[in-house]
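**Student:** Contents of model-v2.cif (mmCIF, C-alpha atoms) are below:
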```
data_input
#
loop_
_atom_site.group_PDB
_atom_site.id
_atom_site.type_symbol
_atom_site.label_atom_id
_atom_site.label_comp_id
_atom_site.auth_asym_id
_atom_site.auth_seq_id
_atom_site.Cartn_x
_atom_site.Cartn_y
_atom_site.Cartn_z
ATOM 1 C CA MET A 1 12.220 -7.007 -12.031
ATOM 2 C CA LYS A 2 13.125 -3.338 -11.527
ATOM 3 C CA PHE A 3 9.960 -2.532 -9.555
ATOM 4 C CA PHE A 4 10.635 -5.158 -6.922
ATOM 5 C CA LYS A 5 14.382 -4.959 -6.429
ATOM 6 C CA ASP A 6 15.453 -6.189 -2.964
ATOM 7 C CA LEU A 7 11.922 -7.423 -2.146
ATOM 8 C CA LYS A 8 11.300 -11.061 -1.278
ATOM 9 C CA VAL A 9 8.430 -11.610 -3.674
ATOM 10 C CA THR A 10 7.812 -13.438 -6.930
ATOM 11 C CA TYR A 11 6.321 -11.761 -9.965
ATOM 12 C CA LYS A 12 4.618 -14.137 -12.383
ATOM 13 C CA ALA A 13 3.684 -12.745 -15.769
ATOM 14 C CA ALA A 14 0.163 -13.251 -17.058
ATOM 15 C CA ASP A 15 -0.559 -16.375 -19.086
ATOM 16 C CA ILE A 16 -3.167 -16.499 -21.846
ATOM 17 C CA ASN A 17 -3.606 -20.209 -21.120
ATOM 18 C CA ASN A 18 -5.472 -19.236 -17.936
ATOM 19 C CA TYR A 19 -8.309 -18.026 -20.140
ATOM 20 C CA SER A 20 -10.551 -20.345 -22.113
ATOM 21 C CA GLY A 21 -14.203 -20.595 -23.083
ATOM 22 C CA ARG A 22 -16.799 -21.838 -25.512
ATOM 23 C CA LYS A 23 -15.375 -22.222 -29.012
ATOM 24 C CA THR A 24 -17.024 -20.026 -31.604
ATOM 25 C CA PRO A 25 -16.145 -18.736 -35.084
ATOM 26 C CA LEU A 26 -17.392 -15.295 -34.034
ATOM 27 C CA LYS A 27 -15.055 -12.699 -32.551
ATOM 28 C CA ASN A 28 -15.535 -10.586 -29.426
ATOM 29 C CA GLN A 29 -18.044 -12.923 -27.795
ATOM 30 C CA TYR A 30 -16.204 -14.034 -24.669
ATOM 31 C CA TRP A 31 -13.590 -12.722 -22.288
ATOM 32 C CA TYR A 32 -10.963 -15.207 -23.420
ATOM 33 C CA GLN A 33 -11.175 -13.678 -26.899
ATOM 34 C CA ASN A 34 -10.682 -10.123 -25.647
ATOM 35 C CA ILE A 35 -8.340 -10.211 -22.667
ATOM 36 C CA LYS A 36 -4.860 -8.869 -23.377
ATOM 37 C CA ILE A 37 -1.697 -10.155 -21.721
ATOM 38 C CA ASP A 38 1.257 -7.982 -20.792
ATOM 39 C CA SER A 39 4.019 -7.336 -18.277
ATOM 40 C CA LEU A 40 4.254 -4.473 -15.811
ATOM 41 C CA GLU A 41 7.546 -3.549 -17.458
ATOM 42 C CA ASN A 42 5.830 -2.843 -20.773
ATOM 43 C CA ILE A 43 3.201 -0.330 -19.652
ATOM 44 C CA VAL A 44 3.063 2.800 -21.802
ATOM 45 C CA TYR A 45 0.716 5.697 -21.105
ATOM 46 C CA LYS A 46 -2.233 5.880 -23.493
ATOM 47 C CA ASP A 47 -5.160 8.256 -23.474
ATOM 48 C CA GLU A 48 -7.929 5.657 -23.641
ATOM 49 C CA LYS A 49 -10.232 3.672 -21.357
ATOM 50 C CA ARG A 50 -8.026 0.928 -19.928
ATOM 51 C CA PHE A 51 -8.318 -1.529 -17.060
ATOM 52 C CA GLY A 52 -5.604 -3.671 -15.550
ATOM 53 C CA ILE A 53 -6.090 -6.934 -13.671
ATOM 54 C CA ILE A 54 -3.332 -7.611 -11.153
ATOM 55 C CA GLY A 55 -3.243 -10.618 -8.838
ATOM 56 C CA TYR A 56 -2.295 -10.701 -5.165
ATOM 57 C CA ALA A 57 -1.506 -14.380 -4.557
ATOM 58 C CA CYS A 58 -1.073 -14.228 -0.812
ATOM 59 C CA ASP A 59 -2.761 -15.807 2.191
ATOM 60 C CA GLU A 60 -0.074 -15.038 4.780
ATOM 61 C CA GLY A 61 -2.283 -12.263 6.198
ATOM 62 C CA VAL A 62 -5.153 -14.713 6.579
ATOM 63 C CA ARG A 63 -2.849 -17.233 8.257
ATOM 64 C CA ARG A 64 -1.677 -14.608 10.737
ATOM 65 C CA ASN A 65 -5.320 -13.757 11.392
ATOM 66 C CA PHE A 66 -6.097 -17.437 12.124
ATOM 67 C CA GLY A 67 -8.375 -17.716 9.090
ATOM 68 C CA ARG A 68 -8.838 -20.569 6.631
ATOM 69 C CA ILE A 69 -5.846 -20.407 4.315
ATOM 70 C CA GLY A 70 -6.174 -20.952 0.587
ATOM 71 C CA THR A 71 -6.802 -17.420 -0.698
ATOM 72 C CA LYS A 72 -3.449 -17.395 -2.499
ATOM 73 C CA HIS A 73 -5.168 -19.532 -5.152
ATOM 74 C CA GLY A 74 -7.943 -16.961 -5.607
ATOM 75 C CA PRO A 75 -6.418 -15.130 -8.606
ATOM 76 C CA GLU A 76 -5.981 -18.356 -10.555
ATOM 77 C CA SER A 77 -9.581 -19.398 -9.892
ATOM 78 C CA ILE A 78 -10.887 -15.999 -11.005
ATOM 79 C CA ARG A 79 -8.945 -16.059 -14.272
ATOM 80 C CA LYS A 80 -10.039 -19.577 -15.196
ATOM 81 C CA THR A 81 -13.653 -18.601 -14.601
ATOM 82 C CA LEU A 82 -13.477 -15.159 -16.202
ATOM 83 C CA GLY A 83 -12.486 -16.430 -19.645
ATOM 84 C CA LYS A 84 -15.818 -18.235 -20.044
ATOM 85 C CA LEU A 85 -17.926 -15.126 -19.425
ATOM 86 C CA PRO A 86 -19.678 -13.444 -22.391
ATOM 87 C CA ILE A 87 -18.413 -9.924 -23.006
ATOM 88 C CA HIS A 88 -20.707 -6.928 -23.531
ATOM 89 C CA TYR A 89 -18.598 -3.798 -23.087
ATOM 90 C CA THR A 90 -17.105 -1.927 -26.057
ATOM 91 C CA ASN A 91 -14.338 0.622 -26.585
ATOM 92 C CA LYS A 92 -12.522 -0.519 -23.459
ATOM 93 C CA THR A 93 -9.290 -2.462 -23.110
ATOM 94 C CA THR A 94 -8.599 -4.908 -20.279
ATOM 95 C CA THR A 95 -5.124 -6.307 -19.727
ATOM 96 C CA ASP A 96 -3.937 -8.971 -17.314
ATOM 97 C CA TYR A 97 -0.605 -7.975 -15.756
ATOM 98 C CA GLY A 98 0.030 -11.175 -13.801
ATOM 99 C CA ASP A 99 0.535 -11.918 -10.118
ATOM 100 C CA LEU A 100 2.557 -10.803 -7.146
ATOM 101 C CA ILE A 101 3.176 -14.006 -5.208
ATOM 102 C CA CYS A 102 4.019 -14.038 -1.519
ATOM 103 C CA ILE A 103 7.150 -16.024 -0.683
ATOM 104 C CA GLU A 104 6.915 -17.962 2.592
ATOM 105 C CA ASN A 105 5.824 -15.460 5.273
ATOM 106 C CA ASN A 106 7.016 -12.231 3.621
ATOM 107 C CA LEU A 107 3.633 -10.489 3.654
ATOM 108 C CA GLU A 108 5.076 -6.982 3.919
ATOM 109 C CA ASP A 109 7.279 -7.435 0.847
ATOM 110 C CA CYS A 110 4.358 -8.756 -1.163
ATOM 111 C CA GLN A 111 2.271 -5.755 -0.097
ATOM 112 C CA GLU A 112 5.014 -3.321 -1.085
ATOM 113 C CA ALA A 113 5.423 -4.971 -4.493
ATOM 114 C CA PHE A 114 1.668 -4.895 -5.080
ATOM 115 C CA SER A 115 1.606 -1.245 -4.025
ATOM 116 C CA LYS A 116 4.298 -0.374 -6.571
ATOM 117 C CA SER A 117 2.292 -2.193 -9.239
ATOM 118 C CA ILE A 118 -0.844 -0.185 -8.432
ATOM 119 C CA THR A 119 1.114 3.072 -8.635
ATOM 120 C CA GLU A 120 2.534 2.073 -12.003
ATOM 121 C CA LEU A 121 -0.888 1.230 -13.411
ATOM 122 C CA ILE A 122 -2.569 4.417 -12.185
ATOM 123 C CA THR A 123 0.205 6.732 -13.367
ATOM 124 C CA ASN A 124 -0.148 5.185 -16.822
ATOM 125 C CA GLY A 125 -3.860 5.880 -17.035
ATOM 126 C CA ILE A 126 -5.086 2.420 -16.097
ATOM 127 C CA LEU A 127 -7.801 1.612 -13.551
ATOM 128 C CA PRO A 128 -6.469 -1.343 -11.523
ATOM 129 C CA ILE A 129 -8.660 -4.248 -10.475
ATOM 130 C CA GLY A 130 -6.821 -6.287 -7.866
ATOM 131 C CA ILE A 131 -7.783 -9.912 -7.353
ATOM 132 C CA GLY A 132 -6.802 -11.665 -4.136
ATOM 133 C CA GLY A 133 -5.728 -12.950 -1.878
ATOM 134 C CA GLY A 134 -6.447 -11.902 1.699
ATOM 135 C CA HIS A 135 -7.937 -8.525 2.570
ATOM 136 C CA ASP A 136 -4.478 -7.290 3.499
ATOM 137 C CA ILE A 137 -4.492 -6.417 -0.208
ATOM 138 C CA ALA A 138 -6.296 -3.235 0.893
ATOM 139 C CA TYR A 139 -3.281 -1.763 2.693
ATOM 140 C CA ALA A 140 -1.157 -2.371 -0.405
ATOM 141 C CA ASN A 141 -3.743 -0.993 -2.819
ATOM 142 C CA PHE A 142 -4.276 2.176 -0.783
ATOM 143 C CA ASN A 143 -0.542 2.845 -0.570
ATOM 144 C CA GLY A 144 -0.272 2.423 -4.335
ATOM 145 C CA ILE A 145 -3.079 4.929 -4.880
ATOM 146 C CA ASN A 146 -1.572 7.366 -2.390
ATOM 147 C CA ASN A 147 1.840 7.232 -4.034
ATOM 148 C CA ALA A 148 0.275 7.834 -7.447
ATOM 149 C CA ILE A 149 -1.514 11.040 -6.372
ATOM 150 C CA LYS A 150 0.727 12.349 -3.578
ATOM 151 C CA SER A 151 1.922 15.333 -5.627
ATOM 152 C CA SER A 152 -1.658 16.523 -6.130
ATOM 153 C CA GLU A 153 -3.354 19.042 -3.849
ATOM 154 C CA ASN A 154 -6.623 17.163 -4.310
ATOM 155 C CA ASN A 155 -5.620 13.925 -2.642
ATOM 156 C CA LYS A 156 -8.431 12.965 -0.294
ATOM 157 C CA ILE A 157 -9.115 9.249 -0.750
ATOM 158 C CA GLY A 158 -12.457 7.777 0.222
ATOM 159 C CA ILE A 159 -12.390 4.051 0.925
ATOM 160 C CA ILE A 160 -15.612 2.141 0.290
ATOM 161 C CA ASN A 161 -15.373 -1.336 1.808
ATOM 162 C CA PHE A 162 -18.086 -3.936 1.203
ATOM 163 C CA ASP A 163 -17.455 -6.237 4.139
ATOM 164 C CA ALA A 164 -18.865 -8.009 7.183
ATOM 165 C CA HIS A 165 -15.785 -6.877 9.135
ATOM 166 C CA PHE A 166 -14.266 -3.489 9.909
ATOM 167 C CA ASP A 167 -10.733 -4.927 9.599
ATOM 168 C CA LEU A 168 -9.659 -2.225 12.047
ATOM 169 C CA ARG A 169 -7.663 -4.338 14.466
ATOM 170 C CA LYS A 170 -4.562 -2.754 15.905
ATOM 171 C CA VAL A 171 -1.236 -4.244 14.872
ATOM 172 C CA GLU A 172 -0.008 -6.039 17.979
ATOM 173 C CA THR A 173 2.860 -8.120 16.630
ATOM 174 C CA GLN A 174 2.439 -8.325 12.841
ATOM 175 C CA PRO A 175 -0.048 -6.901 10.330
ATOM 176 C CA ASN A 176 -2.631 -9.333 9.008
ATOM 177 C CA SER A 177 -5.857 -9.485 7.034
ATOM 178 C CA GLY A 178 -7.730 -7.933 9.962
ATOM 179 C CA THR A 179 -5.563 -4.799 10.324
ATOM 180 C CA PRO A 180 -5.405 -2.978 6.938
ATOM 181 C CA PHE A 181 -7.799 -0.113 7.597
ATOM 182 C CA ASN A 182 -6.365 0.604 11.038
ATOM 183 C CA GLN A 183 -2.942 0.814 9.383
ATOM 184 C CA ILE A 184 -4.283 3.138 6.689
ATOM 185 C CA LEU A 185 -6.210 5.476 8.992
ATOM 186 C CA SER A 186 -3.442 5.634 11.593
ATOM 187 C CA LYS A 187 -0.849 6.721 9.033
ATOM 188 C CA ASN A 188 -2.778 8.899 6.592
ATOM 189 C CA ASP A 189 -4.723 12.097 7.236
ATOM 190 C CA ASN A 190 -6.123 12.015 3.700
ATOM 191 C CA ALA A 191 -7.911 8.664 4.156
ATOM 192 C CA PHE A 192 -11.646 8.444 4.877
ATOM 193 C CA TYR A 193 -13.451 5.157 5.446
ATOM 194 C CA PHE A 194 -17.038 4.002 4.776
ATOM 195 C CA ALA A 195 -17.839 0.331 5.481
ATOM 196 C CA ILE A 196 -20.933 -1.302 4.012
ATOM 197 C CA GLY A 197 -22.394 -4.506 5.463
ATOM 198 C CA ILE A 198 -20.850 -4.559 8.939
ATOM 199 C CA GLN A 199 -22.143 -7.446 11.059
ATOM 200 C CA GLN A 200 -22.279 -6.983 14.812
ATOM 201 C CA GLN A 201 -21.442 -10.607 15.536
ATOM 202 C CA SER A 202 -18.367 -10.390 13.297
ATOM 203 C CA ASN A 203 -16.854 -7.445 15.177
ATOM 204 C CA THR A 204 -16.030 -6.946 18.845
ATOM 205 C CA LYS A 205 -17.096 -3.947 20.929
ATOM 206 C CA GLU A 206 -13.468 -2.790 20.765
ATOM 207 C CA LEU A 207 -13.639 -2.631 16.966
ATOM 208 C CA PHE A 208 -16.777 -0.484 17.102
ATOM 209 C CA LYS A 209 -14.896 1.771 19.523
ATOM 210 C CA ILE A 210 -11.943 2.039 17.153
ATOM 211 C CA ALA A 211 -14.332 2.819 14.299
ATOM 212 C CA LYS A 212 -15.793 5.682 16.316
ATOM 213 C CA GLU A 213 -12.337 7.020 17.214
ATOM 214 C CA HIS A 214 -11.421 7.162 13.522
ATOM 215 C CA ASN A 215 -14.774 8.667 12.515
ATOM 216 C CA VAL A 216 -15.553 5.660 10.330
ATOM 217 C CA LYS A 217 -18.871 5.793 8.526
ATOM 218 C CA PHE A 218 -20.697 2.480 8.252
ATOM 219 C CA VAL A 219 -23.986 0.710 7.722
ATOM 220 C CA THR A 220 -24.806 -2.749 9.011
ATOM 221 C CA ASN A 221 -25.889 -5.775 7.032
ATOM 222 C CA PHE A 222 -29.488 -5.052 8.091
ATOM 223 C CA ASP A 223 -29.262 -1.763 6.173
ATOM 224 C CA CYS A 224 -28.263 -3.628 3.016
ATOM 225 C CA GLU A 225 -31.472 -5.336 1.992
ATOM 226 C CA THR A 226 -31.914 -2.778 -0.808
ATOM 227 C CA PHE A 227 -30.067 0.336 -1.938
ATOM 228 C CA THR A 228 -32.243 2.825 -0.091
ATOM 229 C CA ASN A 229 -32.333 6.593 -0.505
ATOM 230 C CA GLN A 230 -31.053 6.852 3.052
ATOM 231 C CA LEU A 231 -27.874 4.939 2.169
ATOM 232 C CA LYS A 232 -27.565 6.829 -1.107
ATOM 233 C CA ASN A 233 -27.657 10.140 0.751
ATOM 234 C CA LYS A 234 -25.023 8.972 3.230
ATOM 235 C CA LEU A 235 -22.764 7.925 0.375
ATOM 236 C CA LYS A 236 -23.421 11.172 -1.491
ATOM 237 C CA THR A 237 -22.236 13.224 1.485
ATOM 238 C CA PHE A 238 -19.170 11.024 1.910
ATOM 239 C CA ILE A 239 -18.258 11.187 -1.788
ATOM 240 C CA GLN A 240 -18.642 14.970 -1.966
ATOM 241 C CA ASN A 241 -15.883 15.351 0.630
ATOM 242 C CA VAL A 242 -13.243 13.232 -1.157
ATOM 243 C CA ASP A 243 -11.351 13.517 -4.432
ATOM 244 C CA TYR A 244 -10.961 9.812 -5.232
ATOM 245 C CA LEU A 245 -12.737 6.578 -4.394
ATOM 246 C CA TYR A 246 -11.061 3.252 -3.714
ATOM 247 C CA ILE A 247 -13.535 0.350 -3.781
ATOM 248 C CA THR A 248 -12.628 -2.877 -2.016
ATOM 249 C CA ILE A 249 -14.963 -5.873 -1.922
ATOM 250 C CA ASP A 250 -14.455 -8.619 0.646
ATOM 251 C CA LEU A 251 -16.399 -11.602 -0.620
ATOM 252 C CA ASP A 252 -17.180 -12.709 2.941
ATOM 253 C CA GLY A 253 -19.575 -9.764 3.155
ATOM 254 C CA PHE A 254 -21.953 -11.653 0.857
ATOM 255 C CA SER A 255 -24.358 -14.223 2.194
ATOM 256 C CA SER A 256 -22.722 -17.641 2.124
ATOM 257 C CA ALA A 257 -25.476 -18.718 -0.276
ATOM 258 C CA PHE A 258 -23.638 -16.601 -2.864
ATOM 259 C CA ALA A 259 -20.093 -16.880 -1.502
ATOM 260 C CA PRO A 260 -19.306 -20.133 0.323
ATOM 261 C CA GLY A 261 -15.668 -20.086 -0.802
ATOM 262 C CA VAL A 262 -14.259 -17.513 1.615
ATOM 263 C CA SER A 263 -12.219 -17.588 4.798
ATOM 264 C CA ALA A 264 -15.109 -16.485 7.020
ATOM 265 C CA PRO A 265 -18.524 -17.325 5.483
ATOM 266 C CA SER A 266 -21.730 -15.840 6.892
ATOM 267 C CA ALA A 267 -25.410 -16.531 6.283
ATOM 268 C CA TYR A 268 -26.383 -12.930 7.094
ATOM 269 C CA GLY A 269 -24.528 -11.064 4.344
ATOM 270 C CA PHE A 270 -25.707 -8.864 1.489
ATOM 271 C CA THR A 271 -26.733 -9.968 -2.003
ATOM 272 C CA PRO A 272 -24.992 -9.508 -5.369
ATOM 273 C CA LEU A 273 -27.881 -7.359 -6.618
ATOM 274 C CA PHE A 274 -27.461 -4.927 -3.721
ATOM 275 C CA VAL A 275 -23.713 -4.621 -4.304
ATOM 276 C CA CYS A 276 -24.133 -4.095 -8.056
ATOM 277 C CA ASN A 277 -26.675 -1.332 -7.470
ATOM 278 C CA VAL A 278 -24.273 0.468 -5.138
ATOM 279 C CA LEU A 279 -21.329 -0.129 -7.473
ATOM 280 C CA ALA A 280 -23.216 1.452 -10.368
ATOM 281 C CA TYR A 281 -23.834 4.535 -8.239
ATOM 282 C CA LEU A 282 -20.200 4.769 -7.125
ATOM 283 C CA LEU A 283 -18.758 4.245 -10.606
ATOM 284 C CA LYS A 284 -21.061 6.888 -12.050
ATOM 285 C CA THR A 285 -19.258 9.520 -9.950
ATOM 286 C CA LYS A 286 -16.079 9.021 -12.068
ATOM 287 C CA LYS A 287 -14.042 9.312 -8.869
ATOM 288 C CA VAL A 288 -13.104 5.627 -8.666
ATOM 289 C CA ILE A 289 -9.330 5.245 -9.034
ATOM 290 C CA SER A 290 -8.797 1.594 -8.042
ATOM 291 C CA CYS A 291 -10.738 -1.523 -7.023
ATOM 292 C CA ASP A 292 -10.050 -4.959 -5.639
ATOM 293 C CA ILE A 293 -11.878 -8.168 -4.763
ATOM 294 C CA ALA A 294 -10.536 -10.090 -1.780
ATOM 295 C CA GLU A 295 -10.835 -13.335 0.163
ATOM 296 C CA LEU A 296 -11.784 -15.827 -2.545
ATOM 297 C CA ASN A 297 -10.768 -19.228 -1.183
ATOM 298 C CA PRO A 298 -11.179 -21.895 -3.901
ATOM 299 C CA LYS A 299 -10.413 -24.628 -1.390
ATOM 300 C CA PHE A 300 -13.854 -24.105 0.164
ATOM 301 C CA ASP A 301 -15.801 -23.030 -2.917
ATOM 302 C CA GLN A 302 -18.823 -25.040 -4.041
ATOM 303 C CA ASP A 303 -19.526 -25.541 -7.751
ATOM 304 C CA ASN A 304 -17.260 -22.536 -8.401
ATOM 305 C CA THR A 305 -20.047 -20.334 -7.017
ATOM 306 C CA THR A 306 -17.803 -17.767 -5.344
ATOM 307 C CA ALA A 307 -15.429 -17.529 -8.297
ATOM 308 C CA LYS A 308 -18.411 -16.934 -10.603
ATOM 309 C CA LEU A 309 -19.557 -14.143 -8.306
ATOM 310 C CA ALA A 310 -16.083 -12.591 -8.306
ATOM 311 C CA VAL A 311 -15.774 -12.581 -12.102
ATOM 312 C CA ARG A 312 -19.201 -11.056 -12.527
ATOM 313 C CA LEU A 313 -18.098 -8.263 -10.221
ATOM 314 C CA VAL A 314 -14.971 -7.726 -12.316
ATOM 315 C CA ASP A 315 -17.075 -7.665 -15.477
ATOM 316 C CA TYR A 316 -19.662 -5.322 -13.932
ATOM 317 C CA ILE A 317 -17.034 -2.823 -12.766
ATOM 318 C CA ILE A 318 -15.589 -2.590 -16.273
ATOM 319 C CA LEU A 319 -19.043 -2.410 -17.861
ATOM 320 C CA LYS A 320 -20.149 0.481 -15.638
ATOM 321 C CA ALA A 321 -16.874 2.418 -15.218
#
```
Can you turn what I pasted into structure tokens?
**Tutor:**
Amino acid sequence: MKFFKDLKVTYKAADINNYSGRKTPLKNQYWYQNIKIDSLENIVYKDEKRFGIIGYACDEGVRRNFGRIGTKHGPESIRKTLGKLPIHYTNKTTTDYGDLICIENNLEDCQEAFSKSITELITNGILPIGIGGGHDIAYANFNGINNAIKSSENNKIGIINFDAHFDLRKVETQPNSGTPFNQILSKNDNAFYFAIGIQQQSNTKELFKIAKEHNVKFVTNFDCETFTNQLKNKLKTFIQNVDYLYITIDLDGFSSAFAPGVSAPSAYGFTPLFVCNVLAYLLKTKKVISCDIAELNPKFDQDNTTAKLAVRLVDYIILKA
């Protein structure tokens, strides 16, 4: 494929057979009846409300970070669950553009290919929704956004990360799922970072130090019981100082009661209701340029609980955007 020339990565086109649901004679009732399938090579700019699902089938970053591997199967699990969901949005088009699949240990090539895909979607008027895959998807997604807007004077990108972890580790030997935001902030003066749901026992003192050095804004999981006016005001100030918002959701930030199928589950995470309330506020700003959902690990999911959470987040983003 022309986008990925000389990169050691596999591109797998989307497959309508990944989507199925309750049979009905009525049209436009379920996702499987509405999802469109296309290739990245066929994107044409259109002046309409469009969303693009793009998979990041990679758990090499998680493996390097000594996590529980299996996230490369996350995109497949999301698609098979998404088709069954009733659909309630109108006048919006959602297209599945397939997967970037990591070959062996070539994480960096997979990230670069995913980045090019994000750039292509954004420049053609599509809001990307990445489905992963390890949280190293964030470095790729940000680079794709940055490349899409680099010619603009208004290019300040605010990163909103729903997560138990800062993912600010320094790259010692190789990048991994714990290093993406350090990589972003160290290389880009136009990047600004706000983390929501940080858990003290999931981050070392060194990571809090790094967060302070990079002027990272954050709230802890104990500040995420409800969407308070205090948090809303903090977000409002942050948003006013950026031109675009990139939303990334690490499923391990949720309580394990809602998300057992992740690499690093936690009982002390936030709830889906809290996240949806914040998402609605962020999407209302009309500054959101790209989103992704990371760390779904079907190998450890229970009754498809985590996949169901992920697809409801996808659906909610499209409904509210």
**Student:** Using only C-alpha atoms, pick whichever of A:Ile103, A:Ala195, A:Ala14, A:Ala57 has the shortest atom-to-atom distance to A:Phe162.
**Tutor:**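 That would be A:Ala195, the residue with the smallest distance to A:Phe162.
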**Student:** Please determine, counting all atoms listed in the file, which residue among A:Phe142, A:Tyr19, A:Phe114, A:Tyr97 has the shortest atom-to-atom distance to A:Tyr56.
**Tutor:**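 Looking at the shortest contact to A:Tyr56, the residue is A:Phe114.
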**Student:** Can you tell me how far atom CA of A:Lys49 sits from atom CA of A:Thr95, in Å to one decimal?
**Tutor:** 11.3 Å
**Student:** If you count all atoms listed in the file, which residues fall within 8 Å of A:Phe192, apart from same-chain ones fewer than 2 positions away, as a list of chain:residue names?
**Tutor:**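 The filter keeps A:Lys156, A:Ile157, A:Gly158, A:Ile159, A:Leu185, A:Asn190, A:Phe194, A:Val216, A:Val242.
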**Student:** Between atom CA of A:Tyr30 and atom CA of A:Thr90, what is the distance, to one decimal in Å?
**Tutor:**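 Those two atoms sit 12.2 Å apart.
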**Student:** Enter the distance from atom CA of A:Asn91 to atom CA of A:Gly144, in Å, rounded to one decimal.
**Tutor:** 26.4 Å
**Student:** What are the closest atom pairs, with distances in Å to one decimal, for each residue of stretch 29-103 of chain A lying within 12 Å of stretch 285-289 of chain A, using all atoms listed in the file, rows by chain and rising residue number, as a tab-separated table?
**Tutor:**
```
residue	atom	partner	partner_atom	distance
A:Arg50	CA	A:Ile289	CA	11.8
A:Phe51	CA	A:Ile289	CA	10.6
A:Gly52	CA	A:Ile289	CA	11.7
```
**Student:** Taking C-alpha atoms for each residue, export the selection above as a PDB file, in the coordinates of the input.
**Tutor:**
```
ATOM      1  CA  ARG A  50      -8.026   0.928 -19.928  1.00  0.00           C
ATOM      2  CA  PHE A  51      -8.318  -1.529 -17.060  1.00  0.00           C
ATOM      3  CA  GLY A  52      -5.604  -3.671 -15.550  1.00  0.00           C
TER       4      GLY A  52
END
```
**Student:** Which is closest to A:Leu85 among A:Ile249, A:Leu231, A:Phe300, A:Ala307, if we use all atoms listed in the file?
**Tutor:** A:Ala307
**Student:** Counting only C-alpha atoms, which of A:Val9, A:Val311, A:Ile198, A:Val62 gets nearest to A:Glu112?
**Tutor:**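 Comparing A:Val9, A:Val311, A:Ile198, A:Val62 against A:Glu112, the winner is A:Val9.
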**Student:** Measuring atom to atom with all atoms listed in the file, identify which of A:Val219, A:Ile318, A:Leu40, A:Ala138 is nearest to A:Asn176.
**Tutor:** A:Ala138
**Student:** For a quick check of understanding, using all atoms listed in the file, which of A:Gly133, A:Gly61, A:Gly21, A:Pro265 has the smallest distance to A:Pro86?
**Tutor:**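 Comparing A:Gly133, A:Gly61, A:Gly21, A:Pro265 against A:Pro86, the winner is A:Gly21.
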**Student:** For this file, the PyMOL selection byres ((chain A and resi 297) around 8) selects which residues, as a list in words?
**Tutor:**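 Output from the PyMOL selection byres ((chain A and resi 297) around 8), applied to this file: Ile69, Gly70, Thr71, Lys72, His73, Gly74, Gly261, Val262, Ser263, Glu295, Leu296, Pro298, Lys299, Phe300 and Asp301 of chain A.
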**Student:** Could you tell me, as a count of residues only, which residues have any atom at most 12 Å from (-18.3, -3.5, 16.8), counting all atoms listed in the file?
**Tutor:** 26
**Student:** Build an axis-aligned box that encloses every atom of stretch 5-13 of chain A listed in the file, pad it by 3 Å on each side, and report its centre and edge lengths in Å to one decimal, as JSON.
**Tutor:**
```
{"center_x": 9.6, "center_y": -9.5, "center_z": -8.5, "size_x": 17.8, "size_y": 15.2, "size_z": 20.5}
```
**Student:** Could you spell out the hits of the PyMOL selection byres ((chain A and resi 60) around 8) on the shown file, as a ChimeraX atom specification?
**Tutor:** /A:58-59,61-64,69,102,104-107,134,176
**Student:** Could you tell me, as a VMD selection string, exactly which residues end up selected when the PyMOL selection byres ((chain A and resi 98) around 6) is applied to this structure?
**Tutor:** chain A and resid 12 to 14 54 to 55 96 to 97 99
**Student:** Would you mind listing what lies within 8 Å of A:Lys80 as an NGL selection string, with all atoms listed in the file counted and same-chain residues fewer than 4 positions away left out?
**Tutor:** :A and (18-20 or 76 or 84)
